[in-house]
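Peer 1: Structure below; questions to follow.
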Amino acid sequence: MADFQLRRTMLYVPGNMPSMLQNVPLFQCDAVIIDLEDAVNYAEKDAARNLVTSFLSTWKDRNKEVLVRINPLYTKWGHDDLKAILPVMPDAIRFPMCETAEMAQELDAELTKYEKANGIAEGHFKILPSIETVKSVINSYEIARASKRIYGLAFGAEDYTASMGIARTNSGEDLMHPRMQIVMAAKAAGVQAIDTVFSDVNDMDALRRETETIKRLGYTGKCLSNPRQIEIIHEVFAPKEEEVEYALKVVEAIKQANEMGTGVISLNGKMVDLPVVKRAIHTLNTAYAQGMVDAPVDEEILNGN
Amino acid sequence: MKIEKQAQAGTMQSSDLMVFVEPANELKIEIESTVKKQFGHLISAKVDEVVAALGVTAGFIRVSDRGALDYAIEARVKTALQRASAA
Amino acid sequence: MAINSVGREIPEVYNGKKIVPYGGPKSYKPDLMTATRPIKRNDSGKSKVVGGLRDAIVASGLKSGMTISTHHHLRNGDRLLNDLVKEIDALGIRDITIAASSVHIVHAELVPYIKKGVITGFECGVNGLIGELISKGELNCPITVRSHGGRARSIATGEVQIDVAFLAAPYCDEYGNFNGFFGPSACGTLGYAIPDAQYAKTVVAVTDNLVPYPALPIAIPQSMVDFVATVDTLGDPKKIVSSTTKLTRDPMGLQIAKYASMVIDATGYLKDGFSFQTGTGGISLAVAGHVRDMMRERKIKGSFGCGGITGFFVDMLEEGLFEGLFDVQCFDLKAVDSIGRNQKHQQMSANLYADPFNMGCLVNRLDCAILSATETDVNFNVNVNTESMGYLLHNTGGHCDVAAGAKVSIIVCPSIRGRLPMVRDAVTTVTTPGETVGVIITERGIAVNDHLPELKEELIRRRAPVKDIHQLRDEIYSITGAPKDVEFEDEVVGLIEYRDGTIIDTVRKVRA
């Protein structure tokens with residue numbers, strides 16, 4: 001089943017900073033990644049865990065996807081993070097330093113165990129593995145297929161360049177190969193590809209260029225660490241007006257096909273394939289988020305409803 | 001939970017608070033806040049609630065609040081108490 | 001005690017004067033003549049320079065019990081008021097009332113002179129420590145807080161009679177012509193000083209930059225000036241035009257600014273002839289940035305920008321986005337430089353800017369104005385005077401004037417400041433009555449006042465996050481908890497005057 005959840009912008013928020021944390025409901029990103037890993041000092045891991053747990057337990061009416069980036073399970077904090085965080089029901093775990101399918105499966109098993117013990121539907125907690133070392137780039141296809149919980153692969157450039165022993169540049173040439181390999185692995189596995197953070201928050205032009213590039217490659221979203229970057233990324237991911245018009249026609253054609261019960265969708269006398277239909281729905285949902293159309297598309301139309 | 005040693009949690013950033021805990025023979029709680037006039041009663045109630053929930057009956061707890069919301073007060077007090085009671 | 005129309009208890013008499021309670025923003029007009037002052041005759045062409053400050057005080061005939069004024073164009077860089085009071089004290093003069101256009105944080109130096117009885121009253125609002133001490137009941141000194149327009153009105157009507165005005169004159173000649181455009185203490189426009197020059201019984205120009213006659217262009221002419229005094233320095237130039245005119249980087253502030261620009265767009269006024277005022281805060285400037293971008297993109301030629309002027313507005317003028325600027329206060333060097341050379345950057349007096357008792361002031365011609373707030377409430381009332389501890393810490397500025405004049409007045413403020421909810425059941429102090437406020441914007445949503453139903457409808461059509469003001473209050477309270485009110489004694493330590501001279505609220509002594 002295609003995943004139509006918009007994840008254009010996945011915003012990192014430090015887990016030990018109340019002034020940022022309590023604004024999470026207000027940030028206009030598609031998803032938020034509350035960070036217990038790199039943004040938290042070793043000495044404050046316990047404090048951040050308590051703070052994030054406390055915050056999530058009081059946040060009613062969640063209005064965006066919530067991920068928590070835990071520490072890797074091989075560190076002394078990873079399991080405690082999970083134990084603290086799962087009761088407050090994040091939507092997904094951002095899983096750092098995931099280098100092999102086995103590592104993803106280890107987390108999968110932990111999540112299954114918790115779901116079973118607590119009467120939660122199996123598969124509720126999703127996983128977004130970070131592909132952030134050379135090894136994980138090479139293993140990315142296997143990782144993407146390691147668990148049904150995995151809805152995407154998220155590239156992490158900082159650790160990747162470190163693992164390559166190279167410096168990150170603003171031009172992005174150094175990241176071309178991993179970006180290509182990750183997006184291909186993701187597409188082959190039928191999951192989303194999410195790009196890495198662009199760290200120079202003062203260079204909005206470079207952010208725009210980079211986002212345009214990764215959009216062309218097939219990425220459907222980008223991580224970010226500063227809310228000021230949200231608007232630009234959304235602008236880049238906004239469909240063009242002609243794309244919206246075409247998508248509206250496709251959806252109209254589906255509705256007609258559904259009404260006539262033919263199952264065959266045709267537009268201007270030509271058959272329309274399923275990938276085109278999916279793309280049209282994605283386009284319209286993005287357009288809705290951007291205020292370009294008045295209503296989102298109900299995915300149910302794919303099932304003939 | 002027993003307060004065994006000195007500990008603290010939190011920061012002095014806005015919307016945060018610092019909690020200082022040390023062993024004492026009886027329970028004593030002191031609260032200082034930038035919004036004490038408006039929210040002193042709620043801060044007090046929250047601190048009492050966490051202290052009771054963790055079964056702390058003795059210790060000196062000092063809170064220096066910079067306009068933190070209840071969830072942060074709860075987390076910081078809990079962290080400080082856990083740290084003070086840990087071996 | 002009487003209850004005024006915003007529900008505040010107002011004493012019948014304060015400091016010996018009978019009080020008219022506020023009864024609506026546009027209903028009050030007393031049947032009076034404008035103020036007068038003695039006729040002067042000067043047939044001599046000789047220099048009016050009398051020496052230093054002390055000589056000028058002596059020459060002016062200042063005596064115990066009189067009222068003096070200064071202007072606040074030098075803002076926190078001002079030395080004049082502090083030095084003046086020191087000299088007044090040294091001359092043994094007591095019981096002086098200050099009727100400055102504003103008193104700044106730098107004037108905390110006056111506190112000992114209030115305690116000593118040199119200063120015994122303020123016919124103007126204050127910023128900083130003096131107000132705090134008055135609120136605590138530690139200074140016995142009656143104070144009437146006035147807006148910029150209200151102060152100009154009170155002078156023009158003679159309600160406040162200034163015996164001697166000491167006007168800082170950054171570029172001045174020996175016969176008393178001066179402007180604020182040039183010199184080491186350049187501050188640009190002298191708009192707030194004009195009512196003083198026009199109505200004070202005696203006018204002293206005080207300069208640190210005496211230039212050969214004539215000092216051109218003339219902002220305040222020789223015909224209004226009795227004496228010229230020279231001093232080493234009027235102030236600290238670094239603090240005179242110190243505004244850090246920087247856009248906010250705070251994501252919540254940027255969100256508020258974005259909503260504000262949506263509101264401006266939805267008013268329908270953003271077209272050729274658009275007029276606009278905004279403050280110098282980071283959010284206000286971010287709004288100005290959005291407005292500029294929309295005007296550029298749609299090739300809109302605006303009518304005028306107004307108020308305190310920043311380099312941002314100067315750039316918009318020079319880019320051709322406005323026909324002109326009306327400037328009552330320059331906030332940065334760029335504005336000072338511009339007003340000294342560009343005739344489309346017009347100095348305006350406080351009367352022209354905002355005085356309600358004339359044949360029409362500038363704020364009446366404003367389409368949209370962005371204003372800040374210390375607090376707001378569910379009746380759209382705004383407080384900018386008293387802070388969270390209940391202390392009087394800020395002057396009104398042009399707040400209630402602009403709100404009353406502009407077609408759509410837009411209040412921008414974060415929903416929460418350090419746990420304090422910024423939309424409350426009732427503000428501590430009413431500075432600006434809700435009936436003159438169009439829209440309140442926080443990062444949690446936009447509340448539109450009932451007198452703008454079409455704007456509300458249009459915003460909803462554009463999928464803007466419009467919320468009922470009560471809903472907004474509830475949402476904020478659900479996060480912060482309901483605050484307790486600051487507790488006050490019955491004792492009234494100051495008045496908040498509305499622009500028309502009626503009393504909209506009082507300042508009471510804070511319970512210790």
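Residues are named by chain letter and number: chains run A, B, ... in the order of the structure tokens, numbers start at 1 in each chain, and ligands are numbered from 1 in the order shown.
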Should the cut-off be 9 Å, what would the residue list for chain A against chain C look like, counting only C-alpha atoms, as a tab-separated table (two decimals) with C-alpha atoms, in the first residue's frame?

Peer 2:
```tsv
chain	number	residue	atom	x	y	z
A	23	ASN	CA	6.72	25.08	20.56
A	26	LEU	CA	3.20	25.27	16.66
A	27	PHE	CA	5.91	24.49	14.12
A	226	ASN	CA	15.85	25.18	12.16
A	227	PRO	CA	12.16	26.00	11.78
A	228	ARG	CA	13.03	28.97	9.60
A	291	GLY	CA	-3.08	25.95	0.15
```

Peer 1: Which residues of chain B come within 12 Å of chain C, and what is each one's closest atom pair and distance in Å (one decimal), counting only C-alpha atoms, sorted by chain and residue number, as a tab-separated table?

Peer 2:
```
residue	atom	partner	partner_atom	distance
B:Gln13	CA	C:Gly418	CA	10.3
B:Ser14	CA	C:Gly418	CA	6.6
B:Ser15	CA	C:Gly418	CA	5.8
B:Asp16	CA	C:Gly418	CA	9.2
B:Leu17	CA	C:Gly418	CA	11.2
B:Ser33	CA	C:Gly418	CA	10.3
B:Thr34	CA	C:Gly418	CA	7.9
B:Val35	CA	C:Arg419	CA	7.4
B:Lys36	CA	C:Met389	CA	9.2
B:Lys37	CA	C:Val486	CA	6.1
B:Gln38	CA	C:Lys484	CA	4.5
B:Phe39	CA	C:Pro483	CA	5.7
B:Gly40	CA	C:Lys484	CA	8.8
B:His41	CA	C:Lys484	CA	8.6
B:Leu42	CA	C:Gly481	CA	7.7
B:Ile43	CA	C:Gly481	CA	10.1
B:Ala45	CA	C:Gly481	CA	11.9
B:Lys46	CA	C:Gly481	CA	11.5
B:Asp65	CA	C:Gly418	CA	9.8
B:Arg66	CA	C:Gly418	CA	6.8
B:Gly67	CA	C:Gly418	CA	4.3
B:Ala68	CA	C:Arg419	CA	6.3
B:Leu69	CA	C:Thr480	CA	6.2
B:Asp70	CA	C:Thr480	CA	7.7
B:Tyr71	CA	C:Ile479	CA	9.6
B:Ala72	CA	C:Arg419	CA	11.5
B:Ile73	CA	C:Arg419	CA	11.9
```

Peer 1: Just to confirm, what's the straight-line distance from atom CA of Val160 of chain C to atom CA of Glu123 of chain C in Å (one decimal)?

Peer 2: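 Taking atom CA of Val160 of chain C as the start and atom CA of Glu123 of chain C as the end point, the length is 7.3 Å.
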
Peer 1: Pick from A:Val236, A:Leu82, A:Leu217, A:Val250: nearest to Val277 of chain A, with only C-alpha atoms counted?

Peer 2: A:Val250

Peer 1: Sorted by chain and rising residue number, list the residues of chain A at most 10 Å from chain B (counting only C-alpha atoms), each with its closest atom pair and distance in Å to one decimal, as JSON lines.

Peer 2:
```
{"residue": "A:Asn16", "atom": "CA", "partner": "B:Gly10", "partner_atom": "CA", "distance": 8.7}
{"residue": "A:Met17", "atom": "CA", "partner": "B:Asp16", "partner_atom": "CA", "distance": 7.8}
{"residue": "A:Pro18", "atom": "CA", "partner": "B:Asp16", "partner_atom": "CA", "distance": 6.0}
{"residue": "A:Ser19", "atom": "CA", "partner": "B:Ser15", "partner_atom": "CA", "distance": 5.4}
{"residue": "A:Met20", "atom": "CA", "partner": "B:Ser15", "partner_atom": "CA", "distance": 9.2}
{"residue": "A:Leu21", "atom": "CA", "partner": "B:Ala72", "partner_atom": "CA", "distance": 9.7}
{"residue": "A:Gln22", "atom": "CA", "partner": "B:Leu69", "partner_atom": "CA", "distance": 8.5}
{"residue": "A:Glu44", "atom": "CA", "partner": "B:Ala9", "partner_atom": "CA", "distance": 8.6}
{"residue": "A:Asp46", "atom": "CA", "partner": "B:Thr79", "partner_atom": "CA", "distance": 7.0}
{"residue": "A:Ala47", "atom": "CA", "partner": "B:Thr79", "partner_atom": "CA", "distance": 5.6}
{"residue": "A:Ala48", "atom": "CA", "partner": "B:Ala75", "partner_atom": "CA", "distance": 8.5}
{"residue": "A:Arg49", "atom": "CA", "partner": "B:Ala75", "partner_atom": "CA", "distance": 8.7}
{"residue": "A:Asn50", "atom": "CA", "partner": "B:Ala75", "partner_atom": "CA", "distance": 5.1}
{"residue": "A:Leu51", "atom": "CA", "partner": "B:Ala75", "partner_atom": "CA", "distance": 4.9}
{"residue": "A:Val52", "atom": "CA", "partner": "B:Ala75", "partner_atom": "CA", "distance": 8.3}
{"residue": "A:Thr53", "atom": "CA", "partner": "B:Ala75", "partner_atom": "CA", "distance": 8.1}
{"residue": "A:Ser54", "atom": "CA", "partner": "B:Tyr71", "partner_atom": "CA", "distance": 5.4}
{"residue": "A:Phe55", "atom": "CA", "partner": "B:Tyr71", "partner_atom": "CA", "distance": 5.6}
{"residue": "A:Leu56", "atom": "CA", "partner": "B:Tyr71", "partner_atom": "CA", "distance": 8.9}
{"residue": "A:Ser57", "atom": "CA", "partner": "B:Tyr71", "partner_atom": "CA", "distance": 8.5}
{"residue": "A:Thr58", "atom": "CA", "partner": "B:Tyr71", "partner_atom": "CA", "distance": 6.9}
{"residue": "A:Trp59", "atom": "CA", "partner": "B:Tyr71", "partner_atom": "CA", "distance": 9.5}
```

Peer 1: So which residues touch Ile31 of chain B within 7 Å, counting only C-alpha atoms, skipping near sequence neighbours fewer than 5 positions away, as an mmCIF file with all heavy atoms, in the first residue's frame?

Peer 2:
```
data_model
loop_
_atom_site.group_PDB
_atom_site.id
_atom_site.type_symbol
_atom_site.label_atom_id
_atom_site.label_comp_id
_atom_site.auth_asym_id
_atom_site.auth_seq_id
_atom_site.Cartn_x
_atom_site.Cartn_y
_atom_site.Cartn_z
ATOM 1 N N ARG B 62 14.918 22.987 46.484
ATOM 2 C CA ARG B 62 14.875 24.406 46.142
ATOM 3 C C ARG B 62 14.648 24.544 44.638
ATOM 4 O O ARG B 62 15.354 23.924 43.844
ATOM 5 C CB ARG B 62 16.206 25.056 46.534
ATOM 6 C CG ARG B 62 16.183 26.553 46.651
ATOM 7 C CD ARG B 62 17.335 27.025 47.539
ATOM 8 N NE ARG B 62 18.622 26.526 47.061
ATOM 9 C CZ ARG B 62 19.328 27.089 46.076
ATOM 10 N NH1 ARG B 62 18.869 28.155 45.475
ATOM 11 N NH2 ARG B 62 20.491 26.572 45.715
ATOM 12 N N VAL B 63 13.638 25.326 44.263
ATOM 13 C CA VAL B 63 13.288 25.490 42.856
ATOM 14 C C VAL B 63 13.522 26.940 42.456
ATOM 15 O O VAL B 63 13.084 27.854 43.143
ATOM 16 C CB VAL B 63 11.796 25.137 42.617
ATOM 17 C CG1 VAL B 63 11.370 25.506 41.203
ATOM 18 C CG2 VAL B 63 11.555 23.662 42.888
ATOM 19 N N SER B 64 14.247 27.115 41.353
ATOM 20 C CA SER B 64 14.429 28.458 40.807
ATOM 21 C C SER B 64 13.857 28.451 39.400
ATOM 22 O O SER B 64 14.450 27.921 38.478
ATOM 23 C CB SER B 64 15.914 28.806 40.802
ATOM 24 O OG SER B 64 16.091 30.057 40.207
#
```

Peer 1: For segment 198-206 of chain A, please output as a PyMOL selection string all residues within 9 Å (counting only C-alpha atoms; exclusion window: fewer than 4 positions along the same chain).

Peer 2: chain A and resi 170-171+210-211+222-226+228-229+232

Peer 1: Quick one: write out the picked residues with N, CA and C atoms as a short mmCIF file (atom, residue, chain, number, x, y, z; two decimals), in the first residue's frame?

Peer 2:
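Dumped to part.cif:
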```cif
data_model
loop_
_atom_site.label_atom_id
_atom_site.label_comp_id
_atom_site.auth_asym_id
_atom_site.auth_seq_id
_atom_site.Cartn_x
_atom_site.Cartn_y
_atom_site.Cartn_z
N ASN A 170 29.14 22.74 0.56
CA ASN A 170 27.80 23.23 0.24
C ASN A 170 27.35 22.83 -1.16
N SER A 171 28.31 22.42 -2.02
CA SER A 171 27.95 22.09 -3.40
C SER A 171 27.23 20.76 -3.49
N GLU A 210 19.66 23.06 -2.90
CA GLU A 210 19.85 21.66 -2.49
C GLU A 210 18.52 20.91 -2.47
N THR A 211 17.47 21.59 -1.98
CA THR A 211 16.17 20.93 -1.92
C THR A 211 15.65 20.64 -3.32
N LYS A 222 12.80 16.26 3.65
CA LYS A 222 14.12 16.66 4.10
C LYS A 222 14.07 16.89 5.60
N CYS A 223 15.14 16.48 6.26
CA CYS A 223 15.25 16.80 7.67
C CYS A 223 15.79 18.21 7.81
N LEU A 224 15.51 18.83 8.94
CA LEU A 224 16.01 20.18 9.15
C LEU A 224 16.14 20.43 10.64
N SER A 225 16.99 21.38 10.98
CA SER A 225 17.20 21.63 12.39
C SER A 225 16.75 23.03 12.78
N ASN A 226 16.33 23.83 11.82
CA ASN A 226 15.85 25.18 12.16
C ASN A 226 14.49 25.43 11.51
N ARG A 228 13.07 27.95 10.67
CA ARG A 228 13.03 28.97 9.60
C ARG A 228 13.18 28.36 8.22
N GLN A 229 13.67 27.11 8.17
CA GLN A 229 13.87 26.49 6.86
C GLN A 229 12.60 25.83 6.31
N ILE A 232 10.77 27.39 3.04
CA ILE A 232 11.46 27.24 1.75
C ILE A 232 11.35 25.81 1.24
#
```

Peer 1: At what distance in Å, to one decimal, does atom CA of Arg54 of chain C lie from atom CA of Tyr171 of chain C?

Peer 2: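 Atom CA of Tyr171 of chain C sits 20.4 Å away from atom CA of Arg54 of chain C.
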